[in-house]
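Trainee: Next comes the structure file structure_12.cif, holding mmCIF, C-alpha atoms.
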```
data_data
#
loop_
_atom_site.label_atom_id
_atom_site.label_comp_id
_atom_site.auth_asym_id
_atom_site.auth_seq_id
_atom_site.Cartn_x
_atom_site.Cartn_y
_atom_site.Cartn_z
CA MET I 190 69.14 90.40 59.95
CA SER I 191 70.67 93.65 61.06
CA SER I 192 72.13 94.14 64.49
CA SER I 193 69.47 96.69 65.38
CA SER I 194 66.63 94.21 64.86
CA ARG I 195 68.14 91.44 66.98
CA PRO I 196 66.72 90.97 70.44
CA PRO I 197 69.16 91.86 73.21
CA PRO I 198 71.01 88.90 74.73
CA ARG I 199 69.54 87.53 77.93
CA SER I 200 71.44 88.36 81.05
CA VAL I 201 73.57 85.54 82.37
CA GLU I 202 72.03 86.13 85.80
CA LEU I 203 68.48 85.67 84.49
CA SER I 204 69.34 82.54 82.54
CA ARG I 205 70.59 80.67 85.61
CA PRO I 206 68.24 78.61 87.75
CA ALA I 207 67.01 80.24 90.95
CA GLY I 208 68.69 77.59 93.12
CA GLU I 209 72.10 78.31 91.64
CA ARG I 210 71.65 82.07 92.17
CA ALA I 211 70.55 81.46 95.76
CA ARG I 212 73.62 79.30 96.44
CA ARG I 213 75.91 81.94 94.97
CA ASP I 214 74.23 84.67 97.03
CA GLU I 215 74.62 82.48 100.11
CA TRP I 216 78.35 82.09 99.43
CA LYS I 217 78.74 85.83 98.91
CA ALA I 218 77.03 86.48 102.25
CA LEU I 219 79.15 83.85 103.98
CA VAL I 220 82.43 85.25 102.59
CA ALA I 221 81.40 88.82 103.49
CA GLY I 222 80.53 87.69 107.02
CA VAL I 223 83.84 85.86 107.49
CA ILE I 224 85.79 88.88 106.24
CA GLY I 225 83.74 91.08 108.59
CA VAL I 226 84.54 88.83 111.56
CA CYS I 227 88.26 88.85 110.70
CA ALA I 228 88.24 92.64 110.37
CA LEU I 229 86.45 92.94 113.70
CA LEU I 230 89.03 90.69 115.38
CA TYR I 231 91.76 92.92 113.90
CA LEU I 232 90.07 96.10 115.19
CA MET I 233 89.17 94.85 118.68
CA PRO I 234 92.61 95.44 120.30
CA GLN I 235 92.73 98.94 118.82
CA LEU I 236 89.20 99.69 120.02
CA SER I 237 90.08 98.34 123.46
CA GLN I 238 93.22 100.48 123.68
CA LEU I 239 91.27 103.51 122.44
CA ALA I 240 88.64 102.98 125.15
CA ASP I 241 91.25 102.28 127.85
CA SER I 242 93.23 105.45 127.10
CA ARG I 243 90.17 107.69 126.93
CA GLY I 244 90.61 110.59 129.33
CA TYR I 245 94.39 110.18 129.57
CA GLN I 246 96.31 113.42 129.88
CA ALA I 247 99.48 114.37 128.04
CA ALA I 248 102.78 114.88 129.86
CA PRO I 249 106.34 115.50 128.67
CA ALA I 250 108.70 112.58 129.12
CA THR I 251 112.39 111.80 128.83
CA LEU I 252 113.47 108.84 126.73
CA THR I 253 115.76 106.65 128.85
CA GLY I 254 116.22 103.58 126.70
CA VAL I 255 115.39 101.84 123.44
CA GLN I 256 115.36 98.15 122.66
CA ARG I 257 114.95 97.04 119.08
CA GLN I 258 113.55 93.66 118.36
CA ILE I 259 113.57 92.22 114.85
CA SER I 260 111.84 88.90 114.35
CA PRO I 261 112.60 87.25 111.00
CA ALA I 262 109.94 85.62 108.85
CA SER I 263 109.19 82.19 110.18
CA LEU I 264 107.38 79.14 108.90
CA SER I 265 107.78 76.82 111.87
CA GLY I 266 105.14 74.26 112.73
CA HIS I 267 103.70 76.16 115.67
CA LEU I 268 100.86 78.52 114.82
CA LYS I 269 102.21 81.11 117.24
CA ARG I 270 105.39 81.43 115.22
CA PHE I 271 103.83 81.52 111.75
CA ARG I 272 104.91 84.83 110.15
CA LEU I 273 105.35 85.57 106.47
CA TRP I 274 107.21 88.84 106.97
CA THR I 275 109.88 90.30 109.18
CA GLU I 276 108.49 92.03 112.26
CA ARG I 277 110.26 95.04 113.75
CA ARG I 278 109.38 96.51 117.13
CA GLU I 279 110.77 99.40 119.13
CA PHE I 280 110.45 99.05 122.89
CA ILE I 281 111.05 102.39 124.61
CA LEU I 282 111.65 103.21 128.26
CA TYR I 283 110.84 106.68 129.56
CA ASP I 284 110.52 108.78 132.71
CA TYR I 285 107.82 111.38 133.34
CA THR I 286 106.75 113.57 136.22
CA VAL I 287 103.20 114.13 137.45
CA GLY I 288 102.43 116.20 140.54
CA GLY I 289 106.09 116.36 141.57
CA ARG I 290 106.49 112.57 141.53
CA THR I 291 108.59 110.77 138.89
CA TYR I 292 107.30 107.61 137.20
CA GLU I 293 108.90 105.14 134.83
CA GLY I 294 107.07 103.72 131.85
CA ALA I 295 107.64 101.42 128.92
CA ASP I 296 105.72 100.87 125.71
CA THR I 297 106.08 99.30 122.28
CA VAL I 298 105.92 101.80 119.42
CA SER I 299 106.00 101.44 115.66
CA ASP I 300 108.45 104.32 115.15
CA LEU I 301 110.92 105.99 117.47
CA PRO I 302 109.75 109.42 118.56
CA ARG I 303 111.55 112.34 116.95
CA GLY I 304 111.96 115.42 119.07
CA PRO I 305 110.37 115.76 122.49
CA LEU I 306 108.52 112.71 123.77
CA THR I 307 104.92 113.14 124.93
CA ILE I 308 103.27 110.32 126.83
CA TYR I 309 99.69 109.93 128.04
CA TYR I 310 98.91 108.92 131.62
CA ASP I 311 95.79 108.02 133.56
CA PRO I 312 94.95 110.91 135.93
CA ALA I 313 93.40 108.46 138.42
CA GLU I 314 96.55 106.30 138.43
CA PRO I 315 99.52 108.30 137.13
CA GLY I 316 101.69 105.17 137.09
CA HIS I 317 99.72 103.84 134.09
CA SER I 318 100.86 105.41 130.84
CA VAL I 319 101.15 104.82 127.10
CA ALA I 320 103.60 106.33 124.66
CA GLN I 321 101.10 106.44 121.81
CA ARG I 322 97.33 106.48 121.83
CA PRO I 323 95.53 105.07 118.81
CA ARG I 324 93.94 107.74 116.68
CA ALA I 325 90.17 107.54 116.85
CA LEU I 326 89.40 108.47 113.23
CA PRO I 327 91.22 105.57 111.51
CA VAL I 328 89.87 103.06 114.03
CA LEU I 329 86.30 104.28 113.69
CA ALA I 330 86.65 104.56 109.90
CA GLY I 331 87.73 100.92 109.82
CA LEU I 332 84.74 99.98 111.93
CA VAL I 333 82.22 101.25 109.34
CA PRO I 334 83.06 98.78 106.52
CA THR I 335 83.54 96.03 109.08
CA LEU I 336 80.02 96.46 110.40
CA ALA I 337 78.68 96.74 106.84
CA LEU I 338 80.27 93.38 105.95
CA LEU I 339 78.90 91.76 109.10
CA ILE I 340 75.38 93.06 108.45
CA TYR I 341 75.49 92.05 104.77
CA GLY I 342 76.63 88.57 105.73
CA PHE I 343 74.06 88.15 108.51
CA VAL I 344 71.13 89.42 106.42
CA GLY I 345 72.19 87.36 103.39
CA LEU I 346 72.49 84.16 105.39
CA ARG I 347 69.12 84.75 107.07
CA ARG I 348 67.47 85.37 103.72
CA SER I 349 69.05 82.21 102.34
CA ALA I 350 67.84 80.16 105.31
CA ARG I 351 64.30 81.52 104.87
CA GLN I 352 64.33 80.66 101.18
CA ARG I 353 65.46 77.10 101.91
CA ARG I 354 62.63 76.59 104.39
CA GLY I 355 60.10 77.75 101.83
CA PRO I 356 57.03 79.88 102.42
CA SER I 357 55.66 79.77 105.93
CA VAL I 358 52.11 78.48 106.35
CA PRO I 359 50.03 80.06 109.12
#
```
Show the structure stored in the file as structure tokens.
Mentor:
Amino acid sequence: MSSSSRPPPRSVELSRPAGERARRDEWKALVAGVIGVCALLYLMPQLSQLADSRGYQAAPATLTGVQRQISPASLSGHLKRFRLWTERREFILYDYTVGGRTYEGADTVSDLPRGPLTIYYDPAEPGHSVAQRPRALPVLAGLVPTLALLIYGFVGLRRSARQRRGPSVP
């Protein structure tokens, strides 16, 4: 028998029982939902900081001090201290002037500023300031796949629950 006259092989997906496919789809939805929740928990502080610093105005500042903090990788028993990599933070102190009054501020930054330092302050309370505002585009771009994973997980788990209950009888 030639290869052209053979019937095509059945798909592995079609040859499996419906219950096994449903369980696998349920697991896919569950994993997608858990990853979506973890991504959302990662994005929440950035979204909060983005919302809190909305409307802040830029002002020039003078760098007055830098403290470097390096925390080595740690595998101690406490969950708070569980870190697989070395963490490096730069804590900067700065002065800035708004409306003729000088304020002091401090913030943790990922990199030391090069050149002139620009801070962002709250016009309603000039004493509140941040050295860096989160950029909106990366935060919002990260929110899109996060929401997609959450929706996929939620819809998949609902569909799975409906299939387990069976057809509804009026």
Trainee: On this file, the PyMOL selection byres ((chain I and resi 223) around 12) gives some set of residues; write that set as an NGL selection string.
Mentor: :I and (216-222 or 224-230 or 335-336 or 338-343 or 346)
Trainee: Okay, now the selection with C-alpha atoms, as a short mmCIF file (atom, residue, chain, number, x, y, z; two decimals), in the coordinates of the input?
Mentor:
```cif
data_model
loop_
_atom_site.label_atom_id
_atom_site.label_comp_id
_atom_site.auth_asym_id
_atom_site.auth_seq_id
_atom_site.Cartn_x
_atom_site.Cartn_y
_atom_site.Cartn_z
CA TRP I 216 78.35 82.09 99.43
CA LYS I 217 78.74 85.83 98.91
CA ALA I 218 77.03 86.48 102.25
CA LEU I 219 79.15 83.85 103.98
CA VAL I 220 82.43 85.25 102.59
CA ALA I 221 81.40 88.82 103.49
CA GLY I 222 80.53 87.69 107.02
CA ILE I 224 85.79 88.88 106.24
CA GLY I 225 83.74 91.08 108.59
CA VAL I 226 84.54 88.83 111.56
CA CYS I 227 88.26 88.85 110.70
CA ALA I 228 88.24 92.64 110.37
CA LEU I 229 86.45 92.94 113.70
CA LEU I 230 89.03 90.69 115.38
CA THR I 335 83.54 96.03 109.08
CA LEU I 336 80.02 96.46 110.40
CA LEU I 338 80.27 93.38 105.95
CA LEU I 339 78.90 91.76 109.10
CA ILE I 340 75.38 93.06 108.45
CA TYR I 341 75.49 92.05 104.77
CA GLY I 342 76.63 88.57 105.73
CA PHE I 343 74.06 88.15 108.51
CA LEU I 346 72.49 84.16 105.39
#
```
Trainee: Where does the PyMOL selection byres ((chain I and resi 279-296) around 10) land in this file, that is, which residues does it pick, as an MDAnalysis selection string?
Mentor: chainID I and resid 248:259 277:278 297:302 306:310 312 315:321
Trainee: Please report the interatomic distance between atom CA of Asp241 of chain I and atom CA of Leu329 of chain I in Å with one decimal.
Mentor: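 Answer for the atom CA of Asp241 of chain I to atom CA of Leu329 of chain I separation: 15.1 Å.
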Trainee: Kindly give the distance, in Å, that separates atom CA of Arg324 of chain I and atom CA of Gln235 of chain I, rounded to a single decimal.
Mentor: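 Distance between the two atoms: 9.1 Å.
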Trainee: Give the centre and edge lengths of an axis-aligned box, in Å to one decimal, that holds all listed atoms of segment 274-289 of chain I with 5 Å on each side, as AutoDock Vina command-line options.
Mentor:
```
--center_x 107.0 --center_y 102.6 --center_z 124.3 --size_x 19.2 --size_y 37.5 --size_z 44.6
```
Trainee: (92.0, 110.7, 124.4) in this file's frame - what residues fall within 9 Å of it? Use all atoms listed in the file and give the answer as an MDAnalysis selection string.
Mentor: chainID I and resid 239:240 242:246 309 322:325
Trainee: Could you state the separation of atom CA of Pro334 of chain I and atom CA of Tyr231 of chain I in Å, given to one decimal place?
Mentor: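 Atom CA of Tyr231 of chain I lies at a distance of 12.8 Å from atom CA of Pro334 of chain I.
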Trainee: When you count all atoms listed in the file, which of these residues is closest to Arg348 of chain I: I:Leu232, I:Val333, I:Arg212, I:Gln238?
Mentor: I:Arg212
Trainee: Could you check the closest approach to Asp214 of chain I for each of I:Pro327, I:Pro305, I:Pro234, I:Gly345 and tell me which residue wins, using only C-alpha atoms?
Mentor: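 Closest to Asp214 of chain I, using only C-alpha atoms: I:Gly345.
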Trainee: Would you please work out which residue, of I:Ala350, I:Ala247, I:Met233, I:Val344, is nearest to Leu332 of chain I when using all atoms listed in the file?
Mentor: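 Once distances to Leu332 of chain I are computed over all atoms listed in the file, the minimum belongs to I:Met233.
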